[in-house]
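Quick look at data06.txt (compact mmCIF, C-alpha atoms and all ligand atoms):
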```
# COMPACT_ATOMS: atom_id res chain seq x y z
CA MET A 749 16.82 -33.23 -77.95
CA ALA A 750 15.95 -35.17 -74.84
CA GLU A 751 14.54 -38.47 -73.73
CA VAL A 752 11.25 -37.83 -71.93
CA ARG A 753 10.26 -40.15 -69.13
CA LEU A 754 7.03 -40.21 -67.13
CA GLU A 755 7.06 -42.14 -63.89
CA ASN A 756 3.74 -42.92 -62.20
CA VAL A 757 2.25 -39.61 -63.23
CA THR A 758 -1.22 -38.83 -61.91
CA LYS A 759 -3.34 -35.73 -62.37
CA LEU A 760 -6.40 -35.03 -60.29
CA TYR A 761 -8.87 -32.26 -60.99
CA GLY A 762 -10.64 -32.07 -57.65
CA ARG A 763 -11.37 -35.72 -56.92
CA LYS A 764 -11.51 -36.76 -60.54
CA ALA A 765 -8.43 -38.41 -62.01
CA ALA A 766 -7.72 -37.16 -65.54
CA VAL A 767 -4.47 -39.16 -65.74
CA ARG A 768 -3.78 -42.22 -63.59
CA ASP A 769 -0.38 -43.63 -62.81
CA VAL A 770 0.99 -43.19 -66.31
CA SER A 771 4.56 -44.33 -67.00
CA PHE A 772 6.37 -44.41 -70.33
CA VAL A 773 9.62 -43.39 -71.95
CA CYS A 774 9.87 -41.49 -75.20
CA LYS A 775 13.45 -42.08 -76.26
CA GLU A 776 15.53 -39.35 -77.83
CA GLY A 777 14.51 -39.12 -81.47
CA GLU A 778 11.41 -41.25 -80.96
CA PHE A 779 7.95 -40.35 -82.30
CA ILE A 780 5.25 -41.48 -79.87
CA SER A 781 1.54 -40.93 -80.46
CA ILE A 782 -1.01 -40.90 -77.70
CA VAL A 783 -4.36 -41.99 -79.03
CA GLY A 784 -7.68 -42.24 -77.25
CA PRO A 785 -11.22 -40.86 -77.24
CA THR A 786 -12.13 -37.35 -76.11
CA GLY A 787 -11.62 -36.91 -72.38
CA ALA A 788 -9.12 -39.78 -72.08
CA GLY A 789 -6.44 -37.45 -70.68
CA LYS A 790 -4.24 -37.01 -73.77
CA SER A 791 -3.95 -33.21 -73.63
CA THR A 792 -3.46 -33.30 -69.88
CA ILE A 793 -0.39 -35.50 -70.35
CA LEU A 794 1.07 -33.06 -72.88
CA LYS A 795 0.31 -30.08 -70.67
CA MET A 796 2.06 -31.72 -67.71
CA ILE A 797 5.12 -32.41 -69.84
CA ALA A 798 5.05 -28.79 -71.02
CA GLY A 799 4.65 -27.51 -67.47
CA ILE A 800 1.33 -25.78 -68.17
CA GLU A 801 -0.41 -28.08 -65.69
CA ASP A 802 0.97 -29.21 -62.33
CA ILE A 803 1.45 -32.87 -61.66
CA THR A 804 -0.51 -34.26 -58.70
CA SER A 805 1.96 -37.08 -58.16
CA GLY A 806 4.78 -38.79 -60.03
CA LYS A 807 7.82 -37.51 -61.86
CA ILE A 808 8.64 -36.26 -65.31
CA TYR A 809 12.25 -36.44 -66.49
CA PHE A 810 14.01 -34.87 -69.47
CA ASP A 811 17.04 -37.14 -69.76
CA ASN A 812 18.05 -37.51 -66.11
CA ARG A 813 16.67 -34.20 -64.88
CA VAL A 814 13.37 -34.10 -63.00
CA VAL A 815 11.44 -31.18 -64.51
CA ASN A 816 8.40 -31.21 -62.19
CA GLU A 817 9.30 -27.89 -60.62
CA LEU A 818 10.47 -26.12 -63.78
CA LEU A 819 8.34 -23.38 -65.33
CA PRO A 820 7.17 -23.94 -68.92
CA GLN A 821 9.73 -21.46 -70.31
CA GLU A 822 12.51 -23.27 -68.45
CA ARG A 823 11.65 -26.63 -69.98
CA ASN A 824 12.48 -25.79 -73.58
CA VAL A 825 9.55 -27.58 -75.20
CA SER A 826 7.71 -26.61 -78.34
CA MET A 827 3.96 -27.05 -78.68
CA ALA A 828 1.35 -26.93 -81.42
CA PHE A 829 -2.36 -27.12 -80.77
CA GLU A 830 -5.45 -28.01 -82.70
CA THR A 831 -6.68 -24.44 -82.10
CA TYR A 832 -4.00 -22.57 -83.96
CA ASN A 833 -3.30 -19.91 -81.32
CA LEU A 834 -1.83 -17.57 -83.93
CA TYR A 835 -1.38 -13.92 -83.01
CA PRO A 836 -3.95 -12.14 -85.19
CA HIS A 837 -2.06 -8.85 -85.50
CA PHE A 838 1.17 -10.58 -86.61
CA SER A 839 1.94 -11.78 -90.12
CA VAL A 840 2.56 -15.47 -90.74
CA TYR A 841 6.29 -14.67 -90.81
CA GLU A 842 6.15 -12.94 -87.41
CA ASN A 843 4.06 -15.74 -85.96
CA ILE A 844 6.55 -18.37 -87.04
CA ALA A 845 9.52 -16.23 -85.94
CA PHE A 846 7.96 -15.57 -82.54
CA PRO A 847 9.68 -18.40 -80.61
CA LEU A 848 13.06 -17.35 -82.05
CA ARG A 849 12.58 -13.84 -80.66
CA SER A 850 12.06 -14.87 -77.03
CA PRO A 851 14.73 -13.51 -74.65
CA ARG A 852 16.24 -16.97 -74.35
CA TRP A 853 16.78 -17.56 -78.09
CA LYS A 854 17.09 -14.07 -79.51
CA LYS A 855 20.89 -14.07 -79.39
CA SER A 856 21.14 -17.36 -81.27
CA PHE A 857 18.91 -16.08 -84.06
CA PRO A 858 20.12 -12.81 -85.55
CA PRO A 859 17.82 -11.47 -88.33
CA GLU A 860 19.50 -13.30 -91.23
CA LYS A 861 19.45 -16.66 -89.44
CA GLU A 862 15.90 -16.07 -88.27
CA LYS A 863 14.81 -15.39 -91.86
CA ARG A 864 16.53 -18.54 -93.10
CA LYS A 865 14.91 -20.71 -90.42
CA VAL A 866 11.42 -19.24 -90.93
CA GLU A 867 11.58 -19.58 -94.71
CA GLU A 868 13.00 -23.09 -94.49
CA ILE A 869 10.19 -24.43 -92.31
CA ALA A 870 7.48 -22.44 -94.13
CA ASN A 871 8.65 -23.81 -97.49
CA PHE A 872 8.89 -27.28 -96.03
CA LEU A 873 5.22 -27.09 -94.99
CA GLY A 874 4.13 -25.46 -98.26
CA ILE A 875 3.23 -22.04 -96.87
CA GLY A 876 6.32 -20.16 -98.09
CA GLU A 877 4.10 -17.93 -100.25
CA LEU A 878 1.97 -16.82 -97.33
CA LEU A 879 4.56 -15.25 -95.04
CA ASP A 880 3.27 -11.68 -95.43
CA ARG A 881 -0.35 -12.51 -94.74
CA LYS A 882 -2.22 -11.96 -91.50
CA PRO A 883 -3.96 -15.05 -90.05
CA GLN A 884 -7.44 -13.70 -90.86
CA PHE A 885 -6.62 -14.08 -94.56
CA LEU A 886 -5.68 -17.73 -94.24
CA SER A 887 -7.86 -20.81 -94.67
CA GLY A 888 -8.20 -23.20 -91.73
CA GLY A 889 -5.65 -25.56 -93.25
CA GLN A 890 -3.15 -22.74 -93.84
CA LYS A 891 -3.57 -21.51 -90.27
CA GLN A 892 -2.93 -24.99 -89.03
CA ARG A 893 0.26 -25.32 -91.02
CA ALA A 894 1.41 -21.86 -89.83
CA SER A 895 0.82 -22.97 -86.26
CA LEU A 896 2.74 -26.18 -86.91
CA ALA A 897 5.59 -24.21 -88.53
CA ARG A 898 5.84 -22.04 -85.44
CA ALA A 899 6.20 -25.14 -83.28
CA LEU A 900 8.78 -26.75 -85.56
CA VAL A 901 10.92 -23.69 -86.30
CA ARG A 902 13.36 -24.31 -83.50
CA LYS A 903 14.84 -27.41 -81.95
CA PRO A 904 13.61 -27.89 -78.36
CA GLU A 905 14.07 -30.82 -75.98
CA VAL A 906 10.75 -32.26 -77.22
CA TYR A 907 7.96 -31.35 -79.63
CA LEU A 908 4.52 -31.66 -78.07
CA LEU A 909 1.89 -31.71 -80.78
CA ASP A 910 -1.78 -31.78 -79.82
CA GLU A 911 -3.98 -32.71 -82.82
CA PRO A 912 -1.88 -30.33 -84.93
CA ILE A 913 -3.43 -31.31 -88.25
CA ALA A 914 -6.98 -32.18 -87.22
CA HIS A 915 -8.47 -29.45 -89.42
CA LEU A 916 -6.75 -30.27 -92.68
CA ASP A 917 -8.78 -31.84 -95.45
CA ALA A 918 -7.99 -35.47 -96.24
CA ARG A 919 -5.48 -34.82 -99.03
CA LEU A 920 -3.58 -32.11 -97.16
CA LYS A 921 -3.63 -34.19 -94.01
CA PHE A 922 -1.98 -37.01 -95.86
CA SER A 923 0.76 -34.82 -97.34
CA THR A 924 1.38 -33.04 -94.02
CA GLN A 925 1.67 -36.40 -92.28
CA THR A 926 4.30 -37.39 -94.82
CA LEU A 927 6.16 -34.14 -94.14
CA LEU A 928 5.96 -34.62 -90.39
CA ARG A 929 7.36 -38.10 -90.70
CA GLU A 930 10.14 -36.76 -92.91
CA PHE A 931 10.84 -33.97 -90.44
CA ALA A 932 11.08 -36.43 -87.55
CA THR A 933 13.50 -38.68 -89.40
CA LYS A 934 15.62 -35.87 -90.83
CA TYR A 935 16.14 -34.06 -87.53
CA GLY A 936 15.98 -37.04 -85.15
CA SER A 937 13.22 -35.28 -83.24
CA THR A 938 11.67 -36.43 -79.99
CA ILE A 939 7.95 -36.00 -80.65
CA ILE A 940 4.93 -36.71 -78.50
CA TYR A 941 1.85 -36.43 -80.64
CA VAL A 942 -1.76 -36.46 -79.50
CA THR A 943 -4.55 -37.60 -81.77
CA HIS A 944 -7.96 -39.23 -81.55
CA ASP A 945 -7.43 -40.68 -85.04
CA TYR A 946 -5.86 -44.10 -84.79
CA ARG A 947 -4.90 -44.05 -88.48
CA GLU A 948 -2.75 -41.03 -87.90
CA ALA A 949 -1.03 -42.74 -84.99
CA LEU A 950 -0.51 -45.89 -87.06
CA GLY A 951 0.97 -43.98 -89.94
CA LEU A 952 3.18 -41.56 -88.08
CA SER A 953 4.64 -42.98 -84.97
CA ASP A 954 7.39 -45.33 -83.91
CA ARG A 955 5.19 -46.38 -81.02
CA MET A 956 1.68 -45.54 -79.97
CA ALA A 957 0.09 -45.41 -76.53
CA VAL A 958 -3.63 -46.11 -76.25
CA LEU A 959 -5.19 -44.14 -73.44
CA ARG A 960 -8.52 -44.80 -71.82
CA ARG A 961 -9.88 -42.87 -68.84
CA GLY A 962 -6.39 -41.67 -67.93
CA VAL A 963 -4.78 -45.10 -68.10
CA ILE A 964 -2.47 -46.47 -70.79
CA GLU A 965 -3.94 -49.78 -71.94
CA GLN A 966 -1.22 -50.57 -74.47
CA ILE A 967 1.99 -48.97 -75.67
CA ASP A 968 3.64 -50.65 -78.60
CA ALA A 969 4.71 -50.42 -82.23
CA PRO A 970 1.69 -49.48 -84.38
CA GLU A 971 1.52 -52.82 -86.18
CA GLN A 972 1.65 -54.61 -82.85
CA VAL A 973 -1.27 -52.57 -81.52
CA TYR A 974 -3.16 -53.13 -84.75
CA TYR A 975 -2.61 -56.87 -85.01
CA TYR A 976 -2.41 -57.73 -81.30
CA PRO A 977 -4.71 -55.45 -79.31
CA ALA A 978 -4.04 -55.96 -75.60
CA THR A 979 -7.59 -55.26 -74.45
CA ASP A 980 -11.13 -55.25 -75.80
CA PHE A 981 -11.10 -51.45 -75.68
CA VAL A 982 -7.93 -51.17 -77.81
CA GLY A 983 -9.59 -53.51 -80.32
CA THR A 984 -12.62 -51.28 -80.64
CA LEU A 985 -10.53 -48.16 -81.09
CA ILE A 986 -8.22 -49.44 -83.81
CA GLY A 987 -9.41 -50.61 -87.21
CA GLU A 988 -12.27 -49.90 -89.57
CA PRO A 989 -14.51 -51.77 -89.05
CA PRO A 990 -13.24 -52.26 -85.49
CA ILE A 991 -12.68 -55.69 -84.03
CA ASN A 992 -15.73 -57.97 -83.67
CA LEU A 993 -16.46 -58.67 -80.03
CA MET A 994 -18.81 -61.32 -78.70
CA ASP A 995 -19.47 -62.55 -75.20
CA GLY A 996 -20.00 -66.23 -74.68
CA GLU A 997 -19.93 -69.11 -72.32
CA ILE A 998 -17.07 -71.56 -71.96
CA ILE A 999 -18.28 -75.13 -72.22
CA THR A 1000 -16.22 -78.27 -71.82
CA ARG A 1001 -17.39 -81.37 -73.63
CA ASP A 1002 -15.33 -84.58 -73.95
CA ASN A 1003 -12.33 -82.67 -72.65
CA LYS A 1004 -12.69 -80.15 -75.44
CA ALA A 1005 -13.31 -76.45 -74.89
CA PHE A 1006 -16.10 -74.65 -76.71
CA PHE A 1007 -17.09 -71.01 -76.92
CA LYS A 1008 -20.85 -70.71 -77.07
CA ALA A 1009 -22.80 -67.51 -77.73
CA GLY A 1010 -26.56 -67.88 -77.78
CA LYS A 1011 -28.14 -71.12 -78.85
CA ASP A 1012 -27.02 -71.06 -82.47
CA PHE A 1013 -23.37 -70.26 -82.15
CA SER A 1014 -20.70 -72.55 -80.81
CA ILE A 1015 -17.12 -73.19 -81.91
CA GLN A 1016 -14.46 -75.50 -80.62
CA VAL A 1017 -11.48 -73.59 -79.31
CA ARG A 1018 -7.97 -74.88 -79.97
CA GLU A 1019 -6.24 -76.28 -76.91
CA ASP A 1020 -3.54 -73.60 -76.59
CA LEU A 1021 -6.15 -70.87 -76.95
CA ALA A 1022 -8.42 -72.50 -74.41
CA ASP A 1023 -5.89 -71.63 -71.69
CA ALA A 1024 -5.95 -67.98 -72.69
CA MET A 1025 -9.74 -68.14 -72.78
CA ASN A 1026 -9.95 -69.63 -69.30
CA ARG A 1027 -7.55 -67.07 -67.86
CA VAL A 1028 -9.79 -64.10 -68.69
CA ALA A 1029 -13.12 -65.79 -67.96
CA ARG A 1030 -15.37 -64.68 -65.15
CA GLN A 1031 -18.32 -66.13 -63.39
CA GLU A 1032 -21.73 -64.70 -64.32
CA ASP A 1033 -25.03 -66.35 -63.29
CA GLY A 1034 -23.25 -69.63 -62.68
CA LYS A 1035 -21.67 -69.59 -66.16
CA ARG A 1036 -18.09 -68.98 -67.14
CA ILE A 1037 -18.22 -66.01 -69.47
CA THR A 1038 -15.48 -64.74 -71.72
CA ARG A 1039 -15.10 -62.19 -74.51
CA LEU A 1040 -13.93 -63.24 -77.93
CA GLY A 1041 -12.41 -60.74 -80.35
CA ILE A 1042 -11.72 -61.30 -84.03
CA GLN A 1043 -10.95 -58.78 -86.75
CA CYS A 1044 -13.14 -58.58 -89.83
CA ASP A 1045 -10.27 -59.71 -92.09
CA ASP A 1046 -9.76 -62.89 -90.10
CA ILE A 1047 -13.10 -64.53 -90.80
CA LYS A 1048 -13.55 -66.54 -93.98
CA LEU A 1049 -16.84 -66.43 -95.80
CA SER A 1050 -18.16 -69.05 -98.20
CA ARG A 1051 -21.34 -70.51 -99.63
CA ASP A 1052 -19.90 -73.94 -98.88
CA LYS A 1053 -18.93 -75.38 -95.56
CA ILE A 1054 -15.26 -74.58 -94.86
CA SER A 1055 -14.33 -76.75 -91.88
CA ASP A 1056 -15.88 -78.66 -89.00
CA ASN A 1057 -15.70 -75.46 -87.04
CA SER A 1058 -17.55 -73.25 -89.51
CA PHE A 1059 -21.08 -72.09 -88.84
CA GLN A 1060 -23.92 -70.58 -90.83
CA LEU A 1061 -25.52 -67.17 -90.45
CA PRO A 1062 -27.87 -65.08 -92.59
CA VAL A 1063 -26.65 -61.80 -94.13
CA TYR A 1064 -27.98 -58.77 -92.28
CA ALA A 1065 -26.39 -56.02 -94.41
CA PHE A 1066 -23.50 -55.49 -96.80
CA VAL A 1067 -21.40 -52.70 -98.29
CA HIS A 1068 -19.23 -53.12 -101.35
CA GLU A 1069 -15.83 -51.51 -101.53
CA ALA A 1070 -14.04 -51.36 -104.89
CA GLU A 1071 -12.54 -54.82 -104.66
CA ARG A 1072 -13.93 -56.19 -101.42
CA SER A 1073 -17.15 -56.31 -99.48
CA VAL A 1074 -17.98 -55.86 -95.81
CA VAL A 1075 -20.79 -58.25 -94.91
CA THR A 1076 -22.62 -57.91 -91.60
CA PHE A 1077 -24.30 -60.77 -89.74
CA GLU A 1078 -26.49 -60.42 -86.70
CA LEU A 1079 -25.94 -62.40 -83.55
CA LYS A 1080 -27.92 -62.31 -80.32
CA ASP A 1081 -26.02 -59.48 -78.64
CA THR A 1082 -23.89 -58.11 -81.41
CA PHE A 1083 -23.14 -57.82 -85.10
CA LEU A 1084 -20.36 -59.70 -86.79
CA GLN A 1085 -18.59 -58.01 -89.68
CA VAL A 1086 -16.53 -59.82 -92.27
CA ARG A 1087 -14.35 -58.21 -94.94
CA THR A 1088 -13.95 -60.44 -97.93
CA THR A 1089 -10.81 -60.61 -100.06
CA GLU A 1090 -12.82 -59.97 -103.20
CA ARG A 1091 -16.06 -58.25 -104.05
CA THR A 1092 -18.80 -60.64 -102.96
CA GLU A 1093 -22.31 -60.39 -104.35
CA CYS A 1094 -24.93 -61.34 -101.76
CA ARG A 1095 -28.49 -60.79 -100.68
CA VAL A 1096 -29.98 -59.91 -97.31
CA SER A 1097 -30.99 -63.10 -95.46
CA GLU A 1098 -28.83 -65.28 -97.71
CA MET A 1099 -27.04 -67.95 -95.68
CA PHE A 1100 -23.23 -68.00 -95.61
CA TRP A 1101 -20.69 -70.21 -93.91
CA LEU A 1102 -18.27 -68.36 -91.63
CA ASP A 1103 -14.96 -69.69 -90.38
CA PHE A 1104 -12.79 -68.02 -87.72
CA ASP A 1105 -9.02 -68.06 -88.13
CA GLN A 1106 -8.03 -69.43 -84.73
CA ASP A 1107 -4.53 -67.93 -85.02
CA ARG A 1108 -6.21 -64.54 -84.98
CA MET A 1109 -8.75 -65.07 -82.22
CA PHE A 1110 -8.31 -63.12 -79.00
CA PHE A 1111 -9.84 -63.59 -75.61
CA PHE A 1112 -10.20 -60.49 -73.51
CA LYS A 1113 -11.24 -59.61 -70.03
CA LYS A 1114 -14.63 -57.98 -70.40
CA THR A 1115 -14.21 -54.29 -69.50
CA PHE A 1116 -17.46 -52.81 -70.85
CA GLU A 1117 -20.87 -53.92 -72.04
CA ILE A 1118 -21.28 -54.46 -75.77
CA THR A 1119 -24.05 -52.32 -77.16
CA LYS A 1120 -25.68 -53.28 -80.39
CA ALA A 1121 -25.42 -50.04 -82.32
P1 LIG B 1 -8.35 -35.50 -74.06
O1 LIG B 1 -7.21 -34.61 -74.45
O2 LIG B 1 -8.01 -36.94 -74.16
O3 LIG B 1 -9.62 -35.17 -74.77
P2 LIG B 1 -8.18 -34.07 -71.55
O4 LIG B 1 -6.79 -34.31 -71.12
O5 LIG B 1 -8.49 -32.76 -72.17
O6 LIG B 1 -8.64 -35.26 -72.50
O7 LIG B 1 -9.16 -34.25 -70.31
C1 LIG B 1 -9.12 -35.39 -69.45
C2 LIG B 1 -10.18 -35.23 -68.38
O8 LIG B 1 -9.84 -34.17 -67.50
C3 LIG B 1 -11.56 -34.90 -68.92
O9 LIG B 1 -12.51 -35.58 -68.15
C4 LIG B 1 -11.66 -33.41 -68.73
O10 LIG B 1 -13.00 -33.03 -68.55
C5 LIG B 1 -10.86 -33.21 -67.45
N1 LIG B 1 -10.23 -31.88 -67.42
C6 LIG B 1 -9.33 -31.40 -68.31
N2 LIG B 1 -8.93 -30.16 -67.97
C7 LIG B 1 -9.60 -29.85 -66.84
C8 LIG B 1 -9.62 -28.69 -65.98
N3 LIG B 1 -8.86 -27.63 -66.21
N4 LIG B 1 -10.43 -28.74 -64.89
C9 LIG B 1 -11.19 -29.83 -64.63
N5 LIG B 1 -11.21 -30.94 -65.38
C10 LIG B 1 -10.43 -30.95 -66.47
```

Using structure tokens, write down the structure that the file contains.
Amino acid sequence: MAEVRLENVTKLYGRKAAVRDVSFVCKEGEFISIVGPTGAGKSTILKMIAGIEDITSGKIYFDNRVVNELLPQERNVSMAFETYNLYPHFSVYENIAFPLRSPRWKKSFPPEKEKRKVEEIANFLGIGELLDRKPQFLSGGQKQRASLARALVRKPEVYLLDEPIAHLDARLKFSTQTLLREFATKYGSTIIYVTHDYREALGLSDRMAVLRRGVIEQIDAPEQVYYYPATDFVGTLIGEPPINLMDGEIITRDNKAFFKAGKDFSIQVREDLADAMNRVARQEDGKRITRLGIQCDDIKLSRDKISDNSFQLPVYAFVHEAERSVVTFELKDTFLQVRTTERTECRVSEMFWLDFDQDRMFFFKKTFEITKA
């Protein structure tokens, strides 16, 4: 398998940039997920690596070879798509065997070896019993696993998987994820995996790249992206509920820095954090405005005052989970969600004290307007 390297890769469709100046390395044997909303440019990146789409500028390397000019069949990549792309007139067996029968690989896979490979991967993905069926007699989930088996049946330079399990139900998705992870580890596979589901990226990959409007905003180990989002956008994409964001004014009083949002909300910001806060601030209507982010698990909730920095808000809504509760509070421009560590009985409008864990507060450059959904 190969190391795949993208160097300043840009893709324009007409004047519109689908991918902008993207650079990253997927090391040999590494599993990288690309996560982002629809239209972010995820599939376009995969297609450029596969050679299905031209690159407007930049270079793609497999190990030290530039592959920009190579045709898809010369690149030796293996792809699976969300839309299964199975040949309807072929059986599942023939579909999976298809890549092994191409002129390039035929000689390496005589019938006995072909059979062994097809059965091995089909059994691995739990569709060993379905090899004689035609795709029309498969469920959506079975089709998806057949399509995945076809991509995984042979060892290419890199596996390019585009939402390959998006149509599985939750339980099957979970077990197929486990298998994929096992496959990657067992065979030391280089995998680039596209998904819009951050949980999948968190669970599967060695590293994940968060893409927004064709630009990578963060590429890091999943836990790093989860616990230390680099931008406000990454924060909103990762986590359920996503990170709380609030815009506020920086105020200095007696040499101390405060973050103030609306007339009722103000907290003193620790000295070391104040620097970070000042760095991302910008001037708006004569005020210095910054964006604070804090995850729902990093706010303490109590009926009693917790510290000098805690503040009171009325409950707006709440949802109980089995052993925890998510309580929502309303602020001027946004909602604030808190996940408690135990199930917390409460009433709408009841007042609670909230306390932010300053070790887990982030200040971001404001890159979009918060809408109160
Ligand atoms: P994602 O996979 O993240 O949903 P895509 O890579 O499919 O995003 O698309 C990125 C952007 O490029 C989108 O705005 C999409 O409309 C545009 N795009 C994709 N393919 C084409 C094409 N063949 N012609 C014109 N625009 C395209």

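One finds CA of Gly987 (chain A) at 15.7 Å from CA of Thr1076 (chain A).
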
Env. residues ligand LIG 1 (chain B) / 12 Å / all atoms listed in the file / as a ChimeraX atom specification
/A:758-768,782-796,800-802,829-830,909-911,941-945,957-964

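Of the residues under consideration (A:Asp954, A:Glu1069, A:Glu817, A:Glu842), A:Asp954 shows the shortest atom-to-atom contact distance to Glu776 (chain A) when counting all atoms listed in the file.
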
Contact residues around region 932-935 of chain A with only C-alpha atoms at 9 Å, ignoring same-chain residues under 2 positions, as a list of chain:residue names
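The neighbour list is A:Gly777, A:Glu778, A:Phe779, A:Lys903, A:Leu927, A:Leu928, A:Arg929, A:Glu930, A:Ser937, A:Thr938, A:Ile939.
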
Of the candidates A:Arg864, A:Asn843, A:Pro912, A:Asp968, which one gets nearest to Val773 (chain A) if we count only C-alpha atoms?
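Closest to Val773 (chain A) of all the choices is A:Asp968.
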
Taking all atoms listed in the file into account, name the residue in A:Arg955, A:Arg1108, A:His915, A:Arg902 that is nearest to Ile780 (chain A).
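Using all atoms listed in the file, the shortest distance to Ile780 (chain A) belongs to A:Arg955.
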
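CA of Phe772 (chain A) is found 21.4 Å from CA of Arg947 (chain A).
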
Could you check the closest approach to Val1017 (chain A) for each of A:Phe1104, A:Phe1077, A:Trp853, A:Tyr809 and tell me which residue wins, using all atoms listed in the file?
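Nearest to Val1017 (chain A): A:Phe1104.
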
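Using all atoms listed in the file, the residues found no farther than 10 Å from Gln972 (chain A), other than those of its own chain fewer than 6 positions away, are Leu950, Arg955, Met956, Gln966 and Ala978 of chain A.
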
Go through A:Val906, A:Ile875, A:Met1099, A:Leu900 one by one, measure the shortest atom-to-atom distance of each to Met749 (chain A) using only C-alpha atoms, and give the residue with the smallest value.
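Of the candidates, the smallest distance to Met749 (chain A) is held by A:Val906.
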
Test item: residues at most 8 Å from Thr1088 (chain A), only C-alpha atoms, excluding those fewer than 3 positions along its chain, as JSON, numbers by chain:
{"A": [1045, 1048, 1049, 1072, 1073, 1074, 1075, 1091, 1092]}

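Minimum atom-to-atom distance to Lys921 (chain A), evaluated using only C-alpha atoms, belongs to A:Leu952 out of A:Leu908, A:Val1096, A:Ala1022, A:Leu952.
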